[in-house]
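Visitor: Got a file for you: protein_9.cif, mmCIF, C-alpha atoms and all ligand atoms.
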data_target
#
loop_
_atom_site.group_PDB
_atom_site.id
_atom_site.type_symbol
_atom_site.label_atom_id
_atom_site.label_comp_id
_atom_site.auth_asym_id
_atom_site.auth_seq_id
_atom_site.Cartn_x
_atom_site.Cartn_y
_atom_site.Cartn_z
ATOM 1 C CA MET A 1 -18.296 18.346 -22.416
ATOM 2 C CA THR A 2 -15.436 18.352 -19.904
ATOM 3 C CA ILE A 3 -17.893 18.644 -17.022
ATOM 4 C CA PHE A 4 -18.893 15.050 -17.779
ATOM 5 C CA LEU A 5 -15.340 13.929 -16.963
ATOM 6 C CA ILE A 6 -16.478 14.173 -13.328
ATOM 7 C CA ILE A 7 -18.318 10.870 -13.903
ATOM 8 C CA PRO A 8 -15.268 8.724 -14.892
ATOM 9 C CA LEU A 9 -13.114 10.550 -12.311
ATOM 10 C CA PHE A 10 -15.598 9.771 -9.550
ATOM 11 C CA ILE A 11 -16.229 6.167 -10.642
ATOM 12 C CA GLY A 12 -12.485 5.533 -11.082
ATOM 13 C CA LEU A 13 -11.790 6.816 -7.571
ATOM 14 C CA VAL A 14 -14.605 4.755 -6.012
ATOM 15 C CA ILE A 15 -13.491 1.545 -7.765
ATOM 16 C CA GLY A 16 -9.833 2.208 -6.860
ATOM 17 C CA LEU A 17 -10.746 2.653 -3.175
ATOM 18 C CA ALA A 18 -13.016 -0.425 -3.268
ATOM 19 C CA ILE A 19 -10.147 -2.544 -4.684
ATOM 20 C CA ASN A 20 -7.873 -1.254 -1.904
ATOM 21 C CA TYR A 21 -10.380 -2.148 0.788
ATOM 22 C CA LEU A 22 -11.185 -5.616 -0.587
ATOM 23 C CA ALA A 23 -7.480 -6.399 -1.142
ATOM 24 C CA ASP A 24 -6.839 -5.399 2.491
ATOM 25 C CA VAL A 25 -9.595 -7.472 4.127
ATOM 26 C CA LEU A 26 -10.532 -10.434 1.870
ATOM 27 C CA PRO A 27 -7.218 -12.362 1.958
ATOM 28 C CA ILE A 28 -7.035 -11.970 5.766
ATOM 29 C CA THR A 29 -10.594 -12.349 7.100
ATOM 30 C CA ARG A 30 -12.502 -13.647 4.009
ATOM 31 C CA SER A 31 -15.317 -11.243 4.874
ATOM 32 C CA PHE A 32 -16.252 -7.557 4.536
ATOM 33 C CA SER A 33 -14.615 -6.814 7.879
ATOM 34 C CA GLN A 34 -13.295 -3.528 9.249
ATOM 35 C CA PRO A 35 -9.921 -2.647 7.707
ATOM 36 C CA ALA A 36 -6.858 -3.307 9.844
ATOM 37 C CA CYS A 37 -3.226 -2.156 9.659
ATOM 38 C CA GLN A 38 -1.275 -4.410 7.258
ATOM 39 C CA THR A 39 1.736 -4.317 9.606
ATOM 40 C CA CYS A 40 0.350 -4.764 13.130
ATOM 41 C CA GLY A 41 -3.326 -5.668 12.643
ATOM 42 C CA THR A 42 -4.752 -2.735 14.613
ATOM 43 C CA ILE A 43 -8.289 -1.912 13.439
ATOM 44 C CA ILE A 44 -8.443 1.368 11.523
ATOM 45 C CA THR A 45 -11.609 3.502 11.660
ATOM 46 C CA ALA A 46 -13.450 4.113 8.401
ATOM 47 C CA LYS A 47 -12.615 7.825 8.527
ATOM 48 C CA ASP A 48 -8.874 7.300 9.084
ATOM 49 C CA TYR A 49 -8.888 4.597 6.429
ATOM 50 C CA LEU A 50 -10.524 6.848 3.814
ATOM 51 C CA LEU A 51 -8.103 9.673 4.675
ATOM 52 C CA PHE A 52 -5.095 7.342 4.142
ATOM 53 C CA ARG A 53 -3.961 7.964 7.733
ATOM 54 C CA ALA A 54 -1.378 5.803 9.512
ATOM 55 C CA CYS A 55 -2.619 3.322 12.135
ATOM 56 C CA SER A 56 -2.595 4.264 15.841
ATOM 57 C CA GLN A 57 0.874 2.627 16.143
ATOM 58 C CA GLY A 58 2.165 4.925 13.410
ATOM 59 C CA HIS A 59 2.470 2.401 10.569
ATOM 60 C CA ARG A 60 1.892 4.133 7.246
ATOM 61 C CA ARG A 61 -0.307 2.738 4.496
ATOM 62 C CA SER A 62 1.479 0.805 1.785
ATOM 63 C CA ALA A 63 2.468 2.337 -1.559
ATOM 64 C CA ARG A 64 -0.216 0.182 -3.170
ATOM 65 C CA ALA A 65 -2.918 2.114 -1.258
ATOM 66 C CA TRP A 66 -1.849 5.249 -3.158
ATOM 67 C CA ILE A 67 -0.955 3.705 -6.506
ATOM 68 C CA THR A 68 -4.215 1.747 -6.970
ATOM 69 C CA PRO A 69 -6.720 4.676 -6.977
ATOM 70 C CA ILE A 70 -4.431 6.712 -9.261
ATOM 71 C CA VAL A 71 -3.990 3.873 -11.779
ATOM 72 C CA ILE A 72 -7.721 3.014 -11.786
ATOM 73 C CA LEU A 73 -8.567 6.720 -12.200
ATOM 74 C CA VAL A 74 -6.362 6.932 -15.312
ATOM 75 C CA ILE A 75 -7.833 3.684 -16.695
ATOM 76 C CA SER A 76 -11.366 4.999 -16.014
ATOM 77 C CA LEU A 77 -10.652 8.166 -18.054
ATOM 78 C CA TYR A 78 -9.239 6.048 -20.879
ATOM 79 C CA VAL A 79 -12.202 3.617 -20.897
ATOM 80 C CA TRP A 80 -14.590 6.609 -20.815
ATOM 81 C CA SER A 81 -12.935 8.213 -23.858
ATOM 82 C CA LEU A 82 -12.452 4.966 -25.816
ATOM 83 C CA PRO A 83 -15.089 2.530 -24.482
ATOM 84 C CA PRO A 84 -14.681 -1.161 -25.393
ATOM 85 C CA LYS A 85 -17.398 -3.183 -27.138
ATOM 86 C CA ILE A 86 -18.956 -4.047 -23.765
ATOM 87 C CA GLY A 87 -19.359 -0.327 -22.892
ATOM 88 C CA TYR A 88 -18.010 1.842 -20.088
ATOM 89 C CA ALA A 89 -20.071 0.516 -17.150
ATOM 90 C CA LEU A 90 -19.464 -3.206 -17.683
ATOM 91 C CA GLY A 91 -15.892 -2.385 -18.722
ATOM 92 C CA MET A 92 -15.202 -0.712 -15.379
ATOM 93 C CA ILE A 93 -16.614 -3.687 -13.425
ATOM 94 C CA VAL A 94 -14.139 -5.844 -15.371
ATOM 95 C CA VAL A 95 -11.350 -3.372 -14.473
ATOM 96 C CA GLY A 96 -12.354 -3.629 -10.792
ATOM 97 C CA TYR A 97 -12.313 -7.437 -10.888
ATOM 98 C CA PHE A 98 -8.972 -7.532 -12.738
ATOM 99 C CA GLY A 99 -7.413 -5.038 -10.317
ATOM 100 C CA LEU A 100 -8.520 -6.973 -7.229
ATOM 101 C CA VAL A 101 -7.334 -10.391 -8.480
ATOM 102 C CA PHE A 102 -4.056 -8.829 -9.722
ATOM 103 C CA ILE A 103 -3.209 -7.274 -6.332
ATOM 104 C CA ILE A 104 -4.270 -10.221 -4.130
ATOM 105 C CA ASP A 105 -2.313 -12.694 -6.293
ATOM 106 C CA LEU A 106 0.754 -10.447 -6.310
ATOM 107 C CA GLU A 107 0.683 -9.850 -2.548
ATOM 108 C CA HIS A 108 -0.484 -13.252 -1.288
ATOM 109 C CA ARG A 109 0.041 -15.644 -4.236
ATOM 110 C CA LEU A 110 -3.620 -16.434 -3.836
ATOM 111 C CA ILE A 111 -6.707 -16.380 -6.052
ATOM 112 C CA LEU A 112 -9.756 -16.451 -3.777
ATOM 113 C CA HIS A 113 -12.774 -18.608 -4.638
ATOM 114 C CA PRO A 114 -15.379 -15.864 -3.923
ATOM 115 C CA THR A 115 -13.633 -13.542 -6.413
ATOM 116 C CA SER A 116 -13.533 -16.406 -8.948
ATOM 117 C CA ILE A 117 -17.282 -17.020 -8.518
ATOM 118 C CA PHE A 118 -17.929 -13.305 -9.019
ATOM 119 C CA GLY A 119 -15.592 -13.434 -12.033
ATOM 120 C CA ALA A 120 -17.505 -16.348 -13.585
ATOM 121 C CA ALA A 121 -20.832 -14.447 -13.351
ATOM 122 C CA LEU A 122 -19.133 -11.326 -14.749
ATOM 123 C CA GLY A 123 -17.450 -13.399 -17.479
ATOM 124 C CA LEU A 124 -20.820 -14.789 -18.614
ATOM 125 C CA ALA A 125 -22.263 -11.253 -18.745
ATOM 126 C CA VAL A 126 -19.248 -9.960 -20.708
ATOM 127 C CA GLY A 127 -19.399 -12.941 -23.082
ATOM 128 C CA PHE A 128 -23.092 -12.497 -23.824
ATOM 129 C CA VAL A 129 -22.877 -8.711 -24.263
ATOM 130 C CA LYS A 130 -19.773 -9.016 -26.462
ATOM 131 C CA ARG A 131 -20.784 -11.933 -28.699
ATOM 132 C CA GLY A 132 -24.553 -11.817 -28.402
ATOM 133 C CA PHE A 133 -27.111 -14.235 -27.030
ATOM 134 C CA THR A 134 -27.281 -16.243 -30.271
ATOM 135 C CA SER A 135 -26.360 -19.944 -30.422
ATOM 136 C CA SER A 136 -22.993 -19.177 -32.068
ATOM 137 C CA GLY A 137 -22.300 -16.356 -29.588
ATOM 138 C CA ILE A 138 -23.158 -18.529 -26.570
ATOM 139 C CA ALA A 139 -21.049 -21.383 -28.013
ATOM 140 C CA ALA A 140 -18.019 -19.084 -28.465
ATOM 141 C CA THR A 141 -18.370 -17.891 -24.842
ATOM 142 C CA LEU A 142 -18.750 -21.379 -23.317
ATOM 143 C CA PHE A 143 -16.046 -22.936 -25.527
ATOM 144 C CA GLY A 144 -13.787 -20.056 -24.516
ATOM 145 C CA ALA A 145 -14.128 -21.203 -20.895
ATOM 146 C CA LEU A 146 -13.736 -24.898 -21.795
ATOM 147 C CA GLY A 147 -10.722 -24.098 -23.971
ATOM 148 C CA GLY A 148 -9.101 -22.025 -21.213
ATOM 149 C CA LEU A 149 -9.761 -24.815 -18.713
ATOM 150 C CA ALA A 150 -8.299 -27.484 -21.038
ATOM 151 C CA ILE A 151 -5.145 -25.481 -21.858
ATOM 152 C CA MET A 152 -4.516 -24.730 -18.195
ATOM 153 C CA LEU A 153 -5.225 -28.289 -17.005
ATOM 154 C CA PHE A 154 -2.597 -29.442 -19.493
ATOM 155 C CA PHE A 155 -0.042 -26.967 -18.063
ATOM 156 C CA TYR A 156 -1.168 -27.803 -14.526
ATOM 157 C CA PHE A 157 -0.480 -31.539 -14.887
ATOM 158 C CA MET A 158 2.780 -30.816 -16.725
ATOM 159 C CA GLY A 159 3.727 -28.730 -13.698
ATOM 160 C CA VAL A 160 2.762 -31.515 -11.270
ATOM 161 C CA LEU A 161 4.843 -33.982 -13.301
ATOM 162 C CA PHE A 162 7.766 -31.569 -13.394
ATOM 163 C CA SER A 163 7.727 -30.927 -9.632
ATOM 164 C CA ARG A 164 7.555 -34.700 -8.979
ATOM 165 C CA ILE A 165 10.634 -35.277 -11.130
ATOM 166 C CA ARG A 166 12.329 -32.384 -9.355
ATOM 167 C CA ALA A 167 11.409 -33.751 -5.907
ATOM 168 C CA ASN A 168 12.784 -37.186 -6.854
ATOM 169 C CA LYS A 169 16.026 -35.622 -8.077
ATOM 170 C CA LEU A 170 16.359 -33.634 -4.839
ATOM 171 C CA ARG A 171 15.741 -36.751 -2.750
ATOM 172 C CA ALA A 172 18.241 -38.747 -4.829
ATOM 173 C CA ALA A 173 20.781 -36.009 -4.097
ATOM 174 C CA GLY A 174 20.003 -36.384 -0.391
ATOM 175 C CA GLN A 175 18.246 -33.012 -0.169
ATOM 176 C CA GLU A 176 14.811 -32.340 1.213
ATOM 177 C CA ALA A 177 12.072 -31.945 -1.403
ATOM 178 C CA ASP A 178 10.006 -28.756 -1.308
ATOM 179 C CA ASP A 179 6.392 -28.530 -2.364
ATOM 180 C CA GLU A 180 6.944 -25.848 -4.945
ATOM 181 C CA GLU A 181 3.989 -25.691 -7.308
ATOM 182 C CA ALA A 182 4.533 -23.751 -10.516
ATOM 183 C CA LEU A 183 0.862 -23.350 -11.292
ATOM 184 C CA GLY A 184 -1.929 -23.239 -8.733
ATOM 185 C CA ALA A 185 -5.558 -24.340 -9.063
ATOM 186 C CA GLY A 186 -6.459 -20.640 -8.777
ATOM 187 C CA ASP A 187 -4.629 -19.935 -12.052
ATOM 188 C CA VAL A 188 -6.627 -22.685 -13.785
ATOM 189 C CA ILE A 189 -9.920 -21.170 -12.539
ATOM 190 C CA LEU A 190 -8.803 -17.641 -13.467
ATOM 191 C CA VAL A 191 -8.055 -18.590 -17.086
ATOM 192 C CA THR A 192 -11.424 -20.398 -17.292
ATOM 193 C CA VAL A 193 -13.092 -17.125 -16.239
ATOM 194 C CA LEU A 194 -10.984 -15.171 -18.755
ATOM 195 C CA GLY A 195 -12.114 -17.712 -21.381
ATOM 196 C CA LEU A 196 -15.745 -16.668 -20.782
ATOM 197 C CA MET A 197 -14.750 -13.036 -21.397
ATOM 198 C CA LEU A 198 -12.427 -13.530 -24.385
ATOM 199 C CA GLY A 199 -14.296 -16.453 -25.975
ATOM 200 C CA TRP A 200 -13.035 -19.107 -28.340
ATOM 201 C CA PRO A 201 -10.518 -18.927 -30.058
ATOM 202 C CA VAL A 202 -9.193 -15.638 -28.587
ATOM 203 C CA ILE A 203 -8.493 -17.350 -25.224
ATOM 204 C CA TRP A 204 -5.640 -19.220 -26.951
ATOM 205 C CA PHE A 205 -3.986 -15.929 -27.786
ATOM 206 C CA GLY A 206 -4.746 -14.650 -24.280
ATOM 207 C CA VAL A 207 -2.919 -17.535 -22.589
ATOM 208 C CA LEU A 208 0.003 -17.369 -25.014
ATOM 209 C CA ALA A 209 0.377 -13.601 -24.575
ATOM 210 C CA GLY A 210 0.163 -14.032 -20.785
ATOM 211 C CA ILE A 211 2.995 -16.561 -20.808
ATOM 212 C CA LEU A 212 5.076 -14.301 -23.093
ATOM 213 C CA ILE A 213 4.492 -11.266 -20.858
ATOM 214 C CA GLY A 214 5.382 -13.397 -17.819
ATOM 215 C CA GLY A 215 8.565 -14.586 -19.516
ATOM 216 C CA ALA A 216 9.581 -11.056 -20.496
ATOM 217 C CA VAL A 217 8.947 -9.663 -16.995
ATOM 218 C CA SER A 218 10.811 -12.611 -15.407
ATOM 219 C CA LEU A 219 13.808 -12.038 -17.684
ATOM 220 C CA LEU A 220 13.886 -8.329 -16.853
ATOM 221 C CA LEU A 221 13.616 -9.111 -13.121
ATOM 222 C CA LEU A 222 16.354 -11.722 -13.356
ATOM 223 C CA PHE A 223 18.566 -9.282 -15.241
ATOM 224 C CA TRP A 224 17.960 -6.596 -12.648
ATOM 225 C CA LEU A 225 18.670 -8.987 -9.746
ATOM 226 C CA LEU A 226 21.924 -10.088 -11.412
ATOM 227 C CA ILE A 227 23.028 -6.483 -12.029
ATOM 228 C CA THR A 228 22.249 -5.357 -8.487
ATOM 229 C CA GLY A 229 23.844 -8.502 -7.043
ATOM 230 C CA GLN A 230 20.629 -9.547 -5.278
ATOM 231 C CA TYR A 231 20.318 -12.791 -7.175
ATOM 232 C CA SER A 232 19.953 -15.932 -5.086
ATOM 233 C CA LYS A 233 18.120 -19.218 -5.554
ATOM 234 C CA LYS A 234 15.325 -17.884 -3.376
ATOM 235 C CA SER A 235 14.729 -14.877 -5.617
ATOM 236 C CA LEU A 236 13.438 -17.217 -8.326
ATOM 237 C CA MET A 237 10.291 -17.458 -6.191
ATOM 238 C CA LEU A 238 9.546 -13.884 -7.223
ATOM 239 C CA PHE A 239 8.470 -14.997 -10.666
ATOM 240 C CA ILE A 240 5.819 -17.462 -9.675
ATOM 241 C CA PRO A 241 2.385 -15.733 -9.565
ATOM 242 C CA TYR A 242 1.005 -16.141 -13.097
ATOM 243 C CA GLY A 243 -2.377 -14.499 -12.446
ATOM 244 C CA PRO A 244 -1.176 -10.902 -12.995
ATOM 245 C CA TYR A 245 0.304 -11.864 -16.392
ATOM 246 C CA PHE A 246 -2.908 -13.496 -17.625
ATOM 247 C CA ILE A 247 -4.882 -10.494 -16.357
ATOM 248 C CA THR A 248 -2.556 -8.057 -18.154
ATOM 249 C CA SER A 249 -2.991 -10.052 -21.356
ATOM 250 C CA ALA A 250 -6.823 -10.151 -21.087
ATOM 251 C CA PHE A 251 -6.888 -6.444 -20.174
ATOM 252 C CA MET A 252 -4.930 -5.556 -23.339
ATOM 253 C CA ILE A 253 -7.192 -7.708 -25.538
ATOM 254 C CA ILE A 254 -10.423 -6.206 -24.130
ATOM 255 C CA PHE A 255 -9.393 -2.561 -23.769
ATOM 256 C CA PHE A 256 -6.694 -2.121 -26.448
ATOM 257 C CA PRO A 257 -8.119 -4.236 -29.306
ATOM 258 C CA ASN A 258 -6.624 -2.029 -32.047
ATOM 259 C CA LEU A 259 -3.134 -2.217 -30.602
ATOM 260 C CA VAL A 260 -3.410 -5.994 -30.137
ATOM 261 C CA SER A 261 -4.666 -6.584 -33.690
ATOM 262 C CA LYS A 262 -1.808 -4.408 -35.012
ATOM 263 C CA ILE A 263 0.674 -6.636 -33.178
ATOM 264 C CA LEU A 264 -1.039 -9.726 -34.613
ATOM 265 C CA VAL A 265 -1.301 -8.404 -38.187
ATOM 266 C CA PRO A 266 1.457 -5.831 -38.628
HETATM 267 ZN ZN ZN B 301 0.015 -0.715 12.520
#
Go ahead and render the structure in this file as structure tokens.
Ligand SMILES: [Zn+2]
Guide:
Amino acid sequence: MTIFLIIPLFIGLVIGLAINYLADVLPITRSFSQPACQTCGTIITAKDYLLFRACSQGHRRSARAWITPIVILVISLYVWSLPPKIGYALGMIVVGYFGLVFIIDLEHRLILHPTSIFGAALGLAVGFVKRGFTSSGIAATLFGALGGLAIMLFFYFMGVLFSRIRANKLRAAGQEADDEEALGAGDVILVTVLGLMLGWPVIWFGVLAGILIGGAVSLLLLFWLLITGQYSKKSLMLFIPYGPYFITSAFMIIFFPNLVSKILVP
């Protein structure tokens, strides 16, 4: 029995390393290029890269390079022991996609279009496997995407309106207006993809939970910054990437359905 744990251990490690590699190269070169040092840009050989070695200038790999494979390994063991409705294999592809979007958005405040296109194809597959290829199942999947898109477009234009009012106020006060956008187009696309996976009406809960998680994390961060005396107006920028919060929410709904339903119906 335990010998079979080699499978999720191996797959978890491979997916963790793949996320690392893609998160290192895609935001920089937009292609499957050779990995380079995140600090100085020196190309790292495949062997040195796989062995987590420092670059030739001595810059060490980031903490994320170590954390990612470990976290994905643990998730892989969990998904293996308690597979979701979509099964272990498809579940782990979803984990890989979530992990990659999570890290790139956190590090670069960016959701890349190629990952979104991959996500849309994956979302359709997840939707059809989860809710079936019947007319009602297909409708729930497609309306999930449409619903996610509509909810996010509403927030998006609210955000545009808000930043316009803010810019006008700044100008009226004689200050220079900044182009701070609360919600990016990437977030809108991401939630549309998550809508395919979660379906209608669960996507509603997904967005709401994402916003609540984001609010809770922001409050904790703010609290911590105030305590440690690091608070400044600039530190508010820390809270902006929404993608990781929506991903966390969708991850909980797909992989911890019992826990989520217990929270909903205590
Ligand atoms: Zn370097």
Visitor: State, in Å with one decimal place, the distance from CA of Asp187 in chain A to CA of Ile151 in chain A.
Guide: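 CA of Ile151 in chain A lies 11.3 Å from CA of Asp187 in chain A.
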Visitor: Can you work out which one of A:Asn258, A:Gln38, A:Ser163, A:Thr248 has the shortest atom-to-atom distance to ligand ZN 301 (chain B), counting all atoms listed in the file?
Guide: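 Closest residue, counting all atoms listed in the file: A:Gln38.
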Visitor: Could you check the closest approach to ligand ZN 301 (chain B) for each of A:Val126, A:Ala36, A:Ala63, A:Ile104 and tell me which residue wins, using all atoms listed in the file?
Guide: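 Between A:Val126, A:Ala36, A:Ala63, A:Ile104, the residue approaching ligand ZN 301 (chain B) most closely is A:Ala36.
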Visitor: Suppose a student applies the PyMOL selection byres (((not hetatm)) within 8 of (chain B and resi 301)) to this structure; what residues should they get, written as a ChimeraX atom specification?
Guide: /A:36-42,54-60
Visitor: Would you mind telling me which residue in A:Phe155, A:Tyr49, A:Trp204, A:Phe102 lies nearest to Pro244 in chain A when using all atoms listed in the file?
Guide: A:Phe102
Visitor: Got a sec to resolve the PyMOL selection byres (((chain A and resi 78-92) around 8) and not hetatm) on this structure and send the residues as a VMD selection string?
Guide: chain A and resid 8 74 to 77 93 to 96 126 129 to 130 254 to 255
Visitor: Any chance you could work out the residue set of the PyMOL selection byres (((chain A and resi 66) around 12) and not hetatm) here, as a ChimeraX atom specification?
Guide: /A:13,16-17,19-21,49-53,60-65,67-73
Visitor: Between A:Ala46, A:Leu5, A:Val160, A:Ile253, which residue has the minimum interatomic distance to Ala209 in chain A, considering only C-alpha atoms?
Guide: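 Nearest to Ala209 in chain A: A:Ile253.
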Visitor: Got a sec: who's within 12 Å of range 213-219 of chain A, counting only C-alpha atoms, leaving out chain neighbours fewer than 2 positions off, as a VMD selection string?
Guide: chain A and resid 205 to 211 221 to 226 235 to 250 252
Visitor: Using only C-alpha atoms, which of the listed residues (A:Phe4, A:Ile111, A:Thr45, A:Ala150) sits closest to Arg30 in chain A?
Guide: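 Among the listed residues, A:Ile111 lies closest to Arg30 in chain A.
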Visitor: Give the answer as one residue: which of A:Phe154, A:Ala18, A:Leu194, A:Thr29 has the shortest atom-to-atom distance to Leu100 in chain A, using all atoms listed in the file?
Guide: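 Among A:Phe154, A:Ala18, A:Leu194, A:Thr29, it is A:Ala18 that comes nearest to Leu100 in chain A.
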Visitor: What does the distance between CA of Leu142 in chain A and CA of Met158 in chain A come to in Å, to one decimal place?
Guide: 24.4 Å
Visitor: Work out how far apart CA of Leu190 in chain A and CA of Ser116 in chain A are and give it in Å to one decimal.
Guide: 6.7 Å
Visitor: Save range 61-69 of chain A to disk from that block, all heavy atoms included, as a PDB file, in the first residue's frame.
Guide:
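selection_16.pdb was written with the following content:
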ATOM      1  N   ARG A  61      19.268  30.806  -4.863  1.00  0.00           N
ATOM      2  CA  ARG A  61      17.872  30.721  -5.318  1.00  0.00           C
ATOM      3  C   ARG A  61      16.962  31.279  -4.233  1.00  0.00           C
ATOM      4  O   ARG A  61      17.296  31.252  -3.051  1.00  0.00           O
ATOM      5  CB  ARG A  61      17.505  29.257  -5.609  1.00  0.00           C
ATOM      6  CG  ARG A  61      18.321  28.635  -6.731  1.00  0.00           C
ATOM      7  CD  ARG A  61      17.817  29.041  -8.096  1.00  0.00           C
ATOM      8  NE  ARG A  61      16.479  28.521  -8.337  1.00  0.00           N
ATOM      9  CZ  ARG A  61      16.231  27.280  -8.741  1.00  0.00           C
ATOM     10  NH1 ARG A  61      17.202  26.443  -8.953  1.00  0.00           N
ATOM     11  NH2 ARG A  61      14.997  26.884  -8.945  1.00  0.00           N
ATOM     12  N   SER A  62      15.805  31.775  -4.670  1.00  0.00           N
ATOM     13  CA  SER A  62      14.878  32.390  -3.728  1.00  0.00           C
ATOM     14  C   SER A  62      14.247  31.334  -2.821  1.00  0.00           C
ATOM     15  O   SER A  62      14.297  30.140  -3.105  1.00  0.00           O
ATOM     16  CB  SER A  62      13.784  33.122  -4.491  1.00  0.00           C
ATOM     17  OG  SER A  62      13.037  32.188  -5.240  1.00  0.00           O
ATOM     18  N   ALA A  63      13.646  31.795  -1.722  1.00  0.00           N
ATOM     19  CA  ALA A  63      12.962  30.884  -0.802  1.00  0.00           C
ATOM     20  C   ALA A  63      11.825  30.155  -1.518  1.00  0.00           C
ATOM     21  O   ALA A  63      11.544  28.996  -1.238  1.00  0.00           O
ATOM     22  CB  ALA A  63      12.425  31.664   0.392  1.00  0.00           C
ATOM     23  N   ARG A  64      11.198  30.864  -2.466  1.00  0.00           N
ATOM     24  CA  ARG A  64      10.086  30.253  -3.204  1.00  0.00           C
ATOM     25  C   ARG A  64      10.503  28.969  -3.939  1.00  0.00           C
ATOM     26  O   ARG A  64       9.724  28.018  -4.045  1.00  0.00           O
ATOM     27  CB  ARG A  64       9.511  31.283  -4.194  1.00  0.00           C
ATOM     28  CG  ARG A  64       8.342  30.804  -4.992  1.00  0.00           C
ATOM     29  CD  ARG A  64       8.700  30.391  -6.391  1.00  0.00           C
ATOM     30  NE  ARG A  64       9.017  31.513  -7.256  1.00  0.00           N
ATOM     31  CZ  ARG A  64       9.626  31.373  -8.424  1.00  0.00           C
ATOM     32  NH1 ARG A  64      10.014  30.187  -8.846  1.00  0.00           N
ATOM     33  NH2 ARG A  64       9.898  32.430  -9.155  1.00  0.00           N
ATOM     34  N   ALA A  65      11.761  28.941  -4.440  1.00  0.00           N
ATOM     35  CA  ALA A  65      12.255  27.765  -5.153  1.00  0.00           C
ATOM     36  C   ALA A  65      12.205  26.530  -4.259  1.00  0.00           C
ATOM     37  O   ALA A  65      11.997  25.412  -4.738  1.00  0.00           O
ATOM     38  CB  ALA A  65      13.675  28.007  -5.644  1.00  0.00           C
ATOM     39  N   TRP A  66      12.407  26.723  -2.950  1.00  0.00           N
ATOM     40  CA  TRP A  66      12.385  25.602  -2.008  1.00  0.00           C
ATOM     41  C   TRP A  66      10.977  25.319  -1.503  1.00  0.00           C
ATOM     42  O   TRP A  66      10.584  24.168  -1.344  1.00  0.00           O
ATOM     43  CB  TRP A  66      13.292  25.912  -0.801  1.00  0.00           C
ATOM     44  CG  TRP A  66      14.719  26.061  -1.183  1.00  0.00           C
ATOM     45  CD1 TRP A  66      15.372  27.203  -1.503  1.00  0.00           C
ATOM     46  CD2 TRP A  66      15.678  25.006  -1.323  1.00  0.00           C
ATOM     47  NE1 TRP A  66      16.676  26.945  -1.827  1.00  0.00           N
ATOM     48  CE2 TRP A  66      16.893  25.603  -1.716  1.00  0.00           C
ATOM     49  CE3 TRP A  66      15.622  23.607  -1.148  1.00  0.00           C
ATOM     50  CZ2 TRP A  66      18.047  24.857  -1.938  1.00  0.00           C
ATOM     51  CZ3 TRP A  66      16.775  22.872  -1.361  1.00  0.00           C
ATOM     52  CH2 TRP A  66      17.970  23.505  -1.767  1.00  0.00           C
ATOM     53  N   ILE A  67      10.240  26.392  -1.242  1.00  0.00           N
ATOM     54  CA  ILE A  67       8.905  26.239  -0.639  1.00  0.00           C
ATOM     55  C   ILE A  67       7.937  25.555  -1.612  1.00  0.00           C
ATOM     56  O   ILE A  67       7.186  24.653  -1.223  1.00  0.00           O
ATOM     57  CB  ILE A  67       8.354  27.626  -0.204  1.00  0.00           C
ATOM     58  CG1 ILE A  67       9.218  28.192   0.929  1.00  0.00           C
ATOM     59  CG2 ILE A  67       6.903  27.513   0.257  1.00  0.00           C
ATOM     60  CD1 ILE A  67       8.983  29.672   1.210  1.00  0.00           C
ATOM     61  N   THR A  68       7.990  25.972  -2.905  1.00  0.00           N
ATOM     62  CA  THR A  68       7.011  25.460  -3.876  1.00  0.00           C
ATOM     63  C   THR A  68       6.992  23.928  -3.981  1.00  0.00           C
ATOM     64  O   THR A  68       5.931  23.322  -3.806  1.00  0.00           O
ATOM     65  CB  THR A  68       7.235  26.099  -5.259  1.00  0.00           C
ATOM     66  OG1 THR A  68       7.249  27.510  -5.096  1.00  0.00           O
ATOM     67  CG2 THR A  68       6.143  25.714  -6.241  1.00  0.00           C
ATOM     68  N   PRO A  69       8.156  23.254  -4.240  1.00  0.00           N
ATOM     69  CA  PRO A  69       8.081  21.790  -4.371  1.00  0.00           C
ATOM     70  C   PRO A  69       7.580  21.120  -3.094  1.00  0.00           C
ATOM     71  O   PRO A  69       6.848  20.134  -3.162  1.00  0.00           O
ATOM     72  CB  PRO A  69       9.530  21.382  -4.671  1.00  0.00           C
ATOM     73  CG  PRO A  69      10.237  22.615  -5.043  1.00  0.00           C
ATOM     74  CD  PRO A  69       9.511  23.768  -4.438  1.00  0.00           C
TER      75      PRO A  69
END
